[in-house]
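Below is the file target_27.pdb, which contains PDB, C-alpha atoms.
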ATOM      1  CA  MET A 139       0.000   0.000   0.000  1.00  0.00           C
ATOM      2  CA  LYS A 140       1.245   3.480  -0.923  1.00  0.00           C
ATOM      3  CA  THR A 141      -0.165   6.836   0.181  1.00  0.00           C
ATOM      4  CA  LEU A 142       0.197  10.150  -1.636  1.00  0.00           C
ATOM      5  CA  TYR A 143      -0.695  13.562  -0.244  1.00  0.00           C
ATOM      6  CA  ILE A 144      -1.087  16.209  -2.928  1.00  0.00           C
ATOM      7  CA  VAL A 145      -0.748  19.702  -1.439  1.00  0.00           C
ATOM      8  CA  ARG A 146      -1.315  22.869  -3.406  1.00  0.00           C
ATOM      9  CA  HIS A 147       0.748  25.798  -2.145  1.00  0.00           C
ATOM     10  CA  ALA A 148      -0.932  28.277   0.191  1.00  0.00           C
ATOM     11  CA  LYS A 149      -2.196  31.622  -1.108  1.00  0.00           C
ATOM     12  CA  SER A 150       0.601  33.803  -2.416  1.00  0.00           C
ATOM     13  CA  SER A 151       1.130  37.534  -2.188  1.00  0.00           C
ATOM     14  CA  TRP A 152       0.858  39.864  -5.158  1.00  0.00           C
ATOM     15  CA  SER A 153       2.147  42.834  -3.131  1.00  0.00           C
ATOM     16  CA  PHE A 154       5.638  42.706  -4.587  1.00  0.00           C
ATOM     17  CA  ASP A 155       6.949  43.203  -8.087  1.00  0.00           C
ATOM     18  CA  LEU A 156       8.510  39.756  -8.359  1.00  0.00           C
ATOM     19  CA  ARG A 157       8.569  37.081 -10.991  1.00  0.00           C
ATOM     20  CA  ASP A 158       6.033  34.287 -10.466  1.00  0.00           C
ATOM     21  CA  PHE A 159       8.631  31.841  -9.149  1.00  0.00           C
ATOM     22  CA  ASP A 160       9.613  34.208  -6.313  1.00  0.00           C
ATOM     23  CA  ARG A 161       6.174  35.217  -5.005  1.00  0.00           C
ATOM     24  CA  PRO A 162       6.000  34.614  -1.218  1.00  0.00           C
ATOM     25  CA  LEU A 163       3.058  33.472   0.834  1.00  0.00           C
ATOM     26  CA  GLY A 164       0.549  36.214   1.550  1.00  0.00           C
ATOM     27  CA  GLU A 165      -1.121  36.966   4.865  1.00  0.00           C
ATOM     28  CA  ARG A 166      -4.060  34.636   4.127  1.00  0.00           C
ATOM     29  CA  GLY A 167      -1.668  31.948   2.925  1.00  0.00           C
ATOM     30  CA  ARG A 168       0.349  32.058   6.133  1.00  0.00           C
ATOM     31  CA  LYS A 169      -2.834  31.854   8.207  1.00  0.00           C
ATOM     32  CA  ASP A 170      -4.203  28.966   6.139  1.00  0.00           C
ATOM     33  CA  VAL A 171      -0.980  26.958   6.228  1.00  0.00           C
ATOM     34  CA  ARG A 172      -0.700  27.346  10.015  1.00  0.00           C
ATOM     35  CA  ASN A 173      -4.282  26.097  10.430  1.00  0.00           C
ATOM     36  CA  MET A 174      -3.704  23.251   7.985  1.00  0.00           C
ATOM     37  CA  GLY A 175      -0.543  22.311   9.852  1.00  0.00           C
ATOM     38  CA  LYS A 176      -2.424  22.079  13.148  1.00  0.00           C
ATOM     39  CA  TYR A 177      -5.044  19.855  11.522  1.00  0.00           C
ATOM     40  CA  LEU A 178      -2.507  17.588   9.811  1.00  0.00           C
ATOM     41  CA  GLN A 179      -0.438  17.302  12.990  1.00  0.00           C
ATOM     42  CA  ARG A 180      -3.468  15.901  14.844  1.00  0.00           C
ATOM     43  CA  ASN A 181      -5.104  13.860  12.076  1.00  0.00           C
ATOM     44  CA  VAL A 182      -2.611  12.737   9.423  1.00  0.00           C
ATOM     45  CA  ASP A 183       0.469  10.582   9.908  1.00  0.00           C
ATOM     46  CA  ARG A 184       3.710  12.227   8.906  1.00  0.00           C
ATOM     47  CA  PRO A 185       4.768  11.280   5.375  1.00  0.00           C
ATOM     48  CA  LYS A 186       8.018   9.389   4.906  1.00  0.00           C
ATOM     49  CA  LEU A 187       9.098  11.749   2.111  1.00  0.00           C
ATOM     50  CA  MET A 188       8.256  15.332   1.135  1.00  0.00           C
ATOM     51  CA  ILE A 189       8.932  16.713  -2.359  1.00  0.00           C
ATOM     52  CA  THR A 190       8.217  20.305  -3.364  1.00  0.00           C
ATOM     53  CA  SER A 191       8.413  22.712  -6.206  1.00  0.00           C
ATOM     54  CA  PRO A 192      11.287  25.087  -5.471  1.00  0.00           C
ATOM     55  CA  ALA A 193       9.035  28.114  -6.083  1.00  0.00           C
ATOM     56  CA  SER A 194       8.886  30.240  -2.941  1.00  0.00           C
ATOM     57  CA  ARG A 195       5.172  29.777  -2.170  1.00  0.00           C
ATOM     58  CA  ALA A 196       5.327  25.980  -2.552  1.00  0.00           C
ATOM     59  CA  PHE A 197       8.615  25.653  -0.683  1.00  0.00           C
ATOM     60  CA  TYR A 198       7.359  27.706   2.283  1.00  0.00           C
ATOM     61  CA  THR A 199       4.097  25.754   2.366  1.00  0.00           C
ATOM     62  CA  ALA A 200       6.190  22.586   2.597  1.00  0.00           C
ATOM     63  CA  LEU A 201       8.349  24.108   5.369  1.00  0.00           C
ATOM     64  CA  PHE A 202       5.327  25.130   7.468  1.00  0.00           C
ATOM     65  CA  LEU A 203       3.771  21.670   7.128  1.00  0.00           C
ATOM     66  CA  ALA A 204       7.095  19.928   7.769  1.00  0.00           C
ATOM     67  CA  ASP A 205       7.287  21.824  11.061  1.00  0.00           C
ATOM     68  CA  ALA A 206       3.763  20.740  11.974  1.00  0.00           C
ATOM     69  CA  TRP A 207       4.482  17.097  11.096  1.00  0.00           C
ATOM     70  CA  GLY A 208       7.890  17.078  12.763  1.00  0.00           C
ATOM     71  CA  TYR A 209       9.510  16.277   9.420  1.00  0.00           C
ATOM     72  CA  PRO A 210      13.171  17.372   9.185  1.00  0.00           C
ATOM     73  CA  GLU A 211      13.386  20.357   6.825  1.00  0.00           C
ATOM     74  CA  GLU A 212      16.765  19.246   5.477  1.00  0.00           C
ATOM     75  CA  LYS A 213      15.082  16.098   4.114  1.00  0.00           C
ATOM     76  CA  ILE A 214      12.595  18.039   1.969  1.00  0.00           C
ATOM     77  CA  VAL A 215      13.409  17.369  -1.687  1.00  0.00           C
ATOM     78  CA  LEU A 216      13.220  20.360  -4.043  1.00  0.00           C
ATOM     79  CA  ASP A 217      12.334  19.225  -7.551  1.00  0.00           C
ATOM     80  CA  PRO A 218      12.102  21.728 -10.436  1.00  0.00           C
ATOM     81  CA  ALA A 219       9.783  19.308 -12.270  1.00  0.00           C
ATOM     82  CA  PHE A 220       7.082  20.207  -9.716  1.00  0.00           C
ATOM     83  CA  TYR A 221       7.055  23.892 -10.698  1.00  0.00           C
ATOM     84  CA  HIS A 222       3.932  23.983 -12.851  1.00  0.00           C
ATOM     85  CA  GLY A 223       4.613  20.343 -13.647  1.00  0.00           C
ATOM     86  CA  SER A 224       2.321  18.238 -15.795  1.00  0.00           C
ATOM     87  CA  PRO A 225       0.627  15.139 -14.394  1.00  0.00           C
ATOM     88  CA  ASN A 226       2.805  12.925 -16.620  1.00  0.00           C
ATOM     89  CA  GLY A 227       5.994  14.614 -15.441  1.00  0.00           C
ATOM     90  CA  ILE A 228       5.004  14.284 -11.783  1.00  0.00           C
ATOM     91  CA  ILE A 229       3.981  10.643 -12.279  1.00  0.00           C
ATOM     92  CA  LYS A 230       7.363   9.987 -13.895  1.00  0.00           C
ATOM     93  CA  THR A 231       9.148  11.470 -10.872  1.00  0.00           C
ATOM     94  CA  LEU A 232       6.998   9.543  -8.395  1.00  0.00           C
ATOM     95  CA  SER A 233       7.463   6.312 -10.355  1.00  0.00           C
ATOM     96  CA  GLY A 234      11.183   6.556  -9.669  1.00  0.00           C
ATOM     97  CA  LEU A 235      10.809   6.635  -5.888  1.00  0.00           C
ATOM     98  CA  GLY A 236      12.052   3.939  -3.574  1.00  0.00           C
ATOM     99  CA  ASN A 237      10.038   2.086  -0.975  1.00  0.00           C
ATOM    100  CA  GLU A 238       8.611   5.080   0.908  1.00  0.00           C
ATOM    101  CA  SER A 239       5.125   4.126   2.050  1.00  0.00           C
ATOM    102  CA  SER A 240       3.842   7.705   2.066  1.00  0.00           C
ATOM    103  CA  VAL A 241       4.823  10.822   0.144  1.00  0.00           C
ATOM    104  CA  ALA A 242       3.618  14.422   0.307  1.00  0.00           C
ATOM    105  CA  ILE A 243       4.117  16.578  -2.775  1.00  0.00           C
ATOM    106  CA  PHE A 244       3.762  20.349  -2.995  1.00  0.00           C
ATOM    107  CA  GLY A 245       3.134  22.309  -6.152  1.00  0.00           C
ATOM    108  CA  HIS A 246       0.801  24.291  -8.336  1.00  0.00           C
ATOM    109  CA  ASN A 247      -2.402  24.206 -10.318  1.00  0.00           C
ATOM    110  CA  PRO A 248      -3.588  23.220 -12.813  1.00  0.00           C
ATOM    111  CA  GLY A 249      -1.050  20.380 -12.661  1.00  0.00           C
ATOM    112  CA  LEU A 250      -1.945  19.103  -9.199  1.00  0.00           C
ATOM    113  CA  THR A 251      -5.686  19.014  -9.811  1.00  0.00           C
ATOM    114  CA  ASP A 252      -5.068  17.279 -13.136  1.00  0.00           C
ATOM    115  CA  LEU A 253      -2.744  14.821 -11.374  1.00  0.00           C
ATOM    116  CA  ALA A 254      -5.342  14.007  -8.707  1.00  0.00           C
ATOM    117  CA  ASN A 255      -7.948  13.369 -11.404  1.00  0.00           C
ATOM    118  CA  THR A 256      -5.529  11.227 -13.421  1.00  0.00           C
ATOM    119  CA  ILE A 257      -4.456   8.893 -10.616  1.00  0.00           C
ATOM    120  CA  SER A 258      -7.618   8.747  -8.486  1.00  0.00           C
ATOM    121  CA  GLN A 259     -10.979   7.120  -8.954  1.00  0.00           C
ATOM    122  CA  SER A 260     -12.547  10.374  -7.713  1.00  0.00           C
ATOM    123  CA  TYR A 261     -12.936  13.688  -9.519  1.00  0.00           C
ATOM    124  CA  ILE A 262     -12.040  17.082  -8.035  1.00  0.00           C
ATOM    125  CA  ASP A 263     -13.007  20.260  -9.838  1.00  0.00           C
ATOM    126  CA  ASN A 264     -10.174  22.288  -8.298  1.00  0.00           C
ATOM    127  CA  ILE A 265      -7.717  21.885  -5.442  1.00  0.00           C
ATOM    128  CA  PRO A 266      -7.791  25.312  -3.781  1.00  0.00           C
ATOM    129  CA  THR A 267      -4.728  26.979  -2.316  1.00  0.00           C
ATOM    130  CA  CYS A 268      -3.493  25.045   0.721  1.00  0.00           C
ATOM    131  CA  GLY A 269      -5.821  22.152  -0.165  1.00  0.00           C
ATOM    132  CA  VAL A 270      -4.698  18.603   0.619  1.00  0.00           C
ATOM    133  CA  VAL A 271      -5.825  15.479  -1.219  1.00  0.00           C
ATOM    134  CA  GLY A 272      -4.923  12.050   0.165  1.00  0.00           C
ATOM    135  CA  ILE A 273      -4.932   9.051  -2.182  1.00  0.00           C
ATOM    136  CA  ARG A 274      -4.143   5.416  -1.309  1.00  0.00           C
ATOM    137  CA  PHE A 275      -2.940   2.890  -3.837  1.00  0.00           C
ATOM    138  CA  GLU A 276      -3.110  -0.886  -3.700  1.00  0.00           C
ATOM    139  CA  MET A 277       0.437  -1.331  -4.986  1.00  0.00           C
ATOM    140  CA  ASP A 278       3.820  -2.249  -3.541  1.00  0.00           C
ATOM    141  CA  GLN A 279       6.033  -0.053  -5.705  1.00  0.00           C
ATOM    142  CA  TRP A 280       5.741   3.518  -6.954  1.00  0.00           C
ATOM    143  CA  LYS A 281       6.852   2.375 -10.407  1.00  0.00           C
ATOM    144  CA  ASN A 282       3.314   1.002 -10.870  1.00  0.00           C
ATOM    145  CA  LEU A 283       1.699   4.415 -10.372  1.00  0.00           C
ATOM    146  CA  ASP A 284       1.012   4.902 -14.078  1.00  0.00           C
ATOM    147  CA  ARG A 285      -0.928   1.611 -14.203  1.00  0.00           C
ATOM    148  CA  THR A 286      -3.271   2.032 -11.268  1.00  0.00           C
ATOM    149  CA  LYS A 287      -5.968   4.309  -9.904  1.00  0.00           C
ATOM    150  CA  GLY A 288      -5.971   5.099  -6.220  1.00  0.00           C
ATOM    151  CA  GLN A 289      -8.794   5.699  -3.788  1.00  0.00           C
ATOM    152  CA  GLN A 290      -9.160   9.234  -2.443  1.00  0.00           C
ATOM    153  CA  PHE A 291      -9.554   8.988   1.320  1.00  0.00           C
ATOM    154  CA  THR A 292      -9.310  12.627   2.328  1.00  0.00           C
ATOM    155  CA  TYR A 293      -9.802  16.072   0.846  1.00  0.00           C
ATOM    156  CA  ILE A 294      -9.111  18.959   3.195  1.00  0.00           C
ATOM    157  CA  THR A 295      -9.329  22.637   2.348  1.00  0.00           C
ATOM    158  CA  PRO A 296      -8.864  25.756   4.476  1.00  0.00           C
ATOM    159  CA  LYS A 297     -12.621  26.383   4.250  1.00  0.00           C
ATOM    160  CA  THR A 298     -13.432  22.905   5.645  1.00  0.00           C
ATOM    161  CA  LEU A 299     -11.276  23.400   8.744  1.00  0.00           C
TER
END

With the file now loaded, output its structure as structure tokens.
Amino acid sequence: MKTLYIVRHAKSSWSFDLRDFDRPLGERGRKDVRNMGKYLQRNVDRPKLMITSPASRAFYTALFLADAWGYPEEKIVLDPAFYHGSPNGIIKTLSGLGNESSVAIFGHNPGLTDLANTISQSYIDNIPTCGVVGIRFEMDQWKNLDRTKGQQFTYITPKTL
């Protein structure tokens, strides 16, 4: 059994004249990610691996949630393929993973919503900022991800907390 948590970055700030990649979390994003962290800390087992887009808003979302889960920040993997990555590109990356039983990934839309709909038996119209989708797979190895559909077991958004 494998478990994947798909986490869209928290709400970013448009207050600064920065390129998209560098936009930080905004006030609402920081509030939402703190609340999500408290919920995940109490209700969701810490993933064995965390992979994030290196874009500022995704990276800082991963850092906040790593703190909440007690996951060592130096073990967070930054992967450029997750910056506006396509479902196929993300699946390719995940298919190359080792034996980790659970993985949390952090990135951007529309790729993450498309990914969730590609690999799950459920349909989601849109993963909102700081939304978390949990999917379980009846498989022993990540390399089989492109040949199976998982079962969504959780869908948490800031508005549902």

Set out as CSV a contact list for range 192-233 of chain A and range 250-274 of chain A with a cut-off of 10 Å, giving each residue of range 192-233 of chain A that qualifies its closest atom pair and distance in Å to one decimal, counting all atoms listed in the file, ordered by chain and rising residue number.
residue,atom,partner,partner_atom,distance
A:Ala196,CA,A:Cys268,CA,9.5
A:Thr199,CA,A:Cys268,CA,7.8
A:Phe220,CA,A:Leu250,CA,9.1
A:His222,CA,A:Leu250,CA,8.5
A:Gly223,CA,A:Leu250,CA,8.0
A:Ser224,CA,A:Leu253,CA,7.5
A:Pro225,CA,A:Leu253,CA,4.5
A:Asn226,CA,A:Leu253,CA,7.9
A:Gly227,CA,A:Leu253,CA,9.6
A:Ile228,CA,A:Leu253,CA,7.8
A:Ile229,CA,A:Leu253,CA,8.0

Output file for the residues above (C-alpha atoms, as a compact mmCIF listing (two decimals), in the frame of the given file):
# COMPACT_ATOMS: atom_id res chain seq x y z
CA ALA A 196 5.33 25.98 -2.55
CA THR A 199 4.10 25.75 2.37
CA PHE A 220 7.08 20.21 -9.72
CA HIS A 222 3.93 23.98 -12.85
CA GLY A 223 4.61 20.34 -13.65
CA SER A 224 2.32 18.24 -15.80
CA PRO A 225 0.63 15.14 -14.39
CA ASN A 226 2.80 12.92 -16.62
CA GLY A 227 5.99 14.61 -15.44
CA ILE A 228 5.00 14.28 -11.78
CA ILE A 229 3.98 10.64 -12.28

Determine the nearest neighbour of Gly167 in chain A from the options A:Val182, A:Ala148, A:Ile189, A:Val215, counting only C-alpha atoms.
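Closest residue, counting only C-alpha atoms: A:Ala148.
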
Find the spatial neighbours of Ser191 in chain A, counting all atoms listed in the file, within a cut-off of 8 Å - ignore same-chain residues fewer than 6 positions away - and output them as a short mmCIF file (atom, residue, chain, number, x, y, z; two decimals) with C-alpha atoms, in the frame of the given file.
data_model
loop_
_atom_site.label_atom_id
_atom_site.label_comp_id
_atom_site.auth_asym_id
_atom_site.auth_seq_id
_atom_site.Cartn_x
_atom_site.Cartn_y
_atom_site.Cartn_z
CA PHE A 197 8.62 25.65 -0.68
CA LEU A 216 13.22 20.36 -4.04
CA ASP A 217 12.33 19.23 -7.55
CA PRO A 218 12.10 21.73 -10.44
CA ALA A 219 9.78 19.31 -12.27
CA PHE A 220 7.08 20.21 -9.72
CA TYR A 221 7.06 23.89 -10.70
CA PHE A 244 3.76 20.35 -3.00
CA GLY A 245 3.13 22.31 -6.15
#

In Å to one decimal, how far is CA of Val171 in chain A from CA of Lys186 in chain A?
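Distance between the two atoms: 19.8 Å.
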
So which one's closest to Thr141 in chain A, A:Pro185, A:Phe202, A:Pro296, A:Lys230? Using all atoms listed in the file, please.
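For Thr141 in chain A, the nearest of the given residues is A:Pro185.
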
Check what the PyMOL selection byres ((chain A and resi 281) around 8) selects in the file above and give those residues as a ChimeraX atom specification.
/A:232-235,279-280,282-284

Would you output that residue set with C-alpha atoms, as a tab-separated table (two decimals), keeping the file's coordinate frame?
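Contents of result-v7.tsv, as written:
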chain	number	residue	atom	x	y	z
A	232	LEU	CA	7.00	9.54	-8.40
A	233	SER	CA	7.46	6.31	-10.36
A	234	GLY	CA	11.18	6.56	-9.67
A	235	LEU	CA	10.81	6.64	-5.89
A	279	GLN	CA	6.03	-0.05	-5.70
A	280	TRP	CA	5.74	3.52	-6.95
A	282	ASN	CA	3.31	1.00	-10.87
A	283	LEU	CA	1.70	4.42	-10.37
A	284	ASP	CA	1.01	4.90	-14.08

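Across the model, the gap from CA of Arg180 in chain A to CA of Ser151 in chain A is 27.9 Å.
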
For CA of Tyr198 in chain A and CA of Met139 in chain A, the interatomic separation in Å (one decimal)
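According to the coordinates, CA of Tyr198 in chain A and CA of Met139 in chain A are separated by 28.8 Å.
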
Enclose all atoms of range 195-211 of chain A listed in the file in an axis-aligned box, grow every side by 4 Å, and hand back centre and edge lengths in Å to one decimal, as AutoDock Vina command-line options.
--center_x 8.6 --center_y 23.0 --center_z 5.1 --size_x 17.6 --size_y 21.5 --size_z 23.3

List as a VMD selection string the protein and nucleic acid residues near Arg168 in chain A, meaning an atom at most 8 Å away when all atoms listed in the file are counted, but skip any in the same chain fewer than 4 places from it.
chain A and resid 148 to 149 163 to 164 172

Output C-alpha atoms for every residue in that selection, as a short mmCIF file (atom, residue, chain, number, x, y, z; two decimals), in the frame of the given file.
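Saved file out_4.cif follows:
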data_model
loop_
_atom_site.label_atom_id
_atom_site.label_comp_id
_atom_site.auth_asym_id
_atom_site.auth_seq_id
_atom_site.Cartn_x
_atom_site.Cartn_y
_atom_site.Cartn_z
CA ALA A 148 -0.93 28.28 0.19
CA LYS A 149 -2.20 31.62 -1.11
CA LEU A 163 3.06 33.47 0.83
CA GLY A 164 0.55 36.21 1.55
CA ARG A 172 -0.70 27.35 10.02
#

Could you check the closest approach to Gly208 in chain A for each of A:Gly249, A:Pro162, A:Gly175, A:Pro192 and tell me which residue wins, using all atoms listed in the file?
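So, comparing all the options, the nearest one is A:Gly175.
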
Among the residues A:Asn173, A:Asn181, A:Thr231, A:Ser194, the one that comes closest to His246 in chain A [using only C-alpha atoms]
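Of the candidates, the smallest distance to His246 in chain A is held by A:Ser194.
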
Name the closest residue to Ile243 in chain A among the candidates A:Phe154, A:Phe275, A:Tyr143, A:Tyr177; distances are taken between atoms, counting all atoms listed in the file.
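Answer, going by the shortest atom-to-atom distance: A:Tyr143.
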
For Lys176 in chain A, the closest of A:Thr190, A:Leu299, A:Met277, A:Lys287 counting only C-alpha atoms is A:Leu299

Skipping near chain neighbours, those fewer than 2 positions away, what residues fall within 6 Å of Met188 in chain A using all atoms listed in the file, listed as an NGL selection string?
:A and (214 or 241-243)

Can you translate the PyMOL selection byres ((chain A and resi 160) around 9) into the concrete residues it hits in this file, as a PDB file with C-alpha atoms, in the frame of the given file?
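File written: result-v2.pdb
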ATOM      1  CA  LEU A 156       8.510  39.756  -8.359  1.00  0.00           C
ATOM      2  CA  ARG A 157       8.569  37.081 -10.991  1.00  0.00           C
ATOM      3  CA  ASP A 158       6.033  34.287 -10.466  1.00  0.00           C
ATOM      4  CA  PHE A 159       8.631  31.841  -9.149  1.00  0.00           C
ATOM      5  CA  ARG A 161       6.174  35.217  -5.005  1.00  0.00           C
ATOM      6  CA  PRO A 162       6.000  34.614  -1.218  1.00  0.00           C
ATOM      7  CA  ALA A 193       9.035  28.114  -6.083  1.00  0.00           C
ATOM      8  CA  SER A 194       8.886  30.240  -2.941  1.00  0.00           C
ATOM      9  CA  ARG A 195       5.172  29.777  -2.170  1.00  0.00           C
TER      10      ARG A 195
END
